[in-house]
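J.: Pasting a structure here, questions to come.
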Amino acid sequence: MLGSRDCGGDAGAAVADGSAGDGGAAGASPAPARPRWAPSDDYEYQPLRIDPRVSRSAAASMLAIRAEFAGWELARVLKFPDGTRRVWLRRKRSPALLPDLIP
């Protein structure tokens with residue numbers, strides 16, 4: 001039976017004696033997990049919405065042009081039931097483009 005196999009004795013023993021599952025030093029809480037695609041300070045992001053009437057090949061061509069001439073890369077794509085695509089592009093931040101560093 002599947003349920004009886006999931007409740008093995010070895011996993012419970014490791015947690016009970018404190019050798020696993022405590023996240024490190026006593027009293028220290030682990031850092032909150034960030035989503036894998038979450039924005040960071042190293043990249044700048046550009047969100048796009050692609051209309052459902054735009055074909056897949058036309059959308060791919062549009063994104064390829066942005067990648068080649070503006071340095072963007074694909075970070076994430078979501079496709080909704082109505083056919084709309086939500087796209088996030090990213091590129092490395094350049095120190096020359098940061099507003100704080102311009103004299």
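Letters for chains follow the order of the structure tokens (A, B, ...), residue numbers begin at 1 for each chain, and ligand numbers begin at 1 in the order shown.
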At a cut-off of 7 Å, using only C-alpha atoms, what residues contact Leu48 in chain A? Leave out same-chain residues fewer than 4 positions from it and give the result as a compact mmCIF listing (two decimals) with N, CA, C and O atoms, in the first residue's frame.
T.:
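In the end it all went to result-v7.txt:
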```txt
# COMPACT_ATOMS: atom_id res chain seq x y z
N ARG A 86 2.23 36.83 -21.40
CA ARG A 86 2.92 37.81 -20.54
C ARG A 86 4.38 37.42 -20.53
O ARG A 86 4.72 36.30 -20.15
N VAL A 87 5.26 38.28 -21.00
CA VAL A 87 6.67 37.97 -21.18
C VAL A 87 7.51 38.94 -20.36
O VAL A 87 7.22 40.14 -20.31
N TRP A 88 8.54 38.42 -19.69
CA TRP A 88 9.51 39.26 -18.99
C TRP A 88 10.86 39.06 -19.66
O TRP A 88 11.36 37.94 -19.75
```
J.: Which of these residues is nearest to Trp72 in chain A, using only C-alpha atoms: A:Ala60, A:Arg85, A:Ile50, A:Glu44?
T.: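 Of all the options, A:Glu44 lies closest to Trp72 in chain A.
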J.: Using only C-alpha atoms, which of the listed residues (A:Leu89, A:Arg76, A:Pro47, A:Pro81) sits closest to Leu63 in chain A?
T.: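 So, comparing all the options, the nearest one is A:Leu89.
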J.: Which one is closest to Pro52 in chain A: A:Lys92, A:Gly71, A:Val77, A:Thr84? Count only C-alpha atoms.
T.: A:Thr84
J.: Using only C-alpha atoms, which residues sit within 12 Å of Ala70 in chain A once same-chain residues fewer than 2 positions away are excluded, as a PyMOL selection string?
T.: chain A and resi 46+62-68+72-73+89-92
J.: Could you state the separation of CA of Asp41 in chain A and CA of Phe69 in chain A in Å, given to one decimal place?
T.: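 We find that CA of Asp41 in chain A and CA of Phe69 in chain A lie 22.4 Å from each other.
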J.: Tell me, in Å to one decimal, how far CA of Asp51 in chain A is from CA of Gly83 in chain A.
T.: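 Between CA of Asp51 in chain A and CA of Gly83 in chain A the gap works out to 7.5 Å.
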J.: What is the distance, in Å and to one decimal place, between CA of Ala58 in chain A and CA of Ala75 in chain A?
T.: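 Interatomic distance, CA of Ala58 in chain A to CA of Ala75 in chain A: 18.5 Å.
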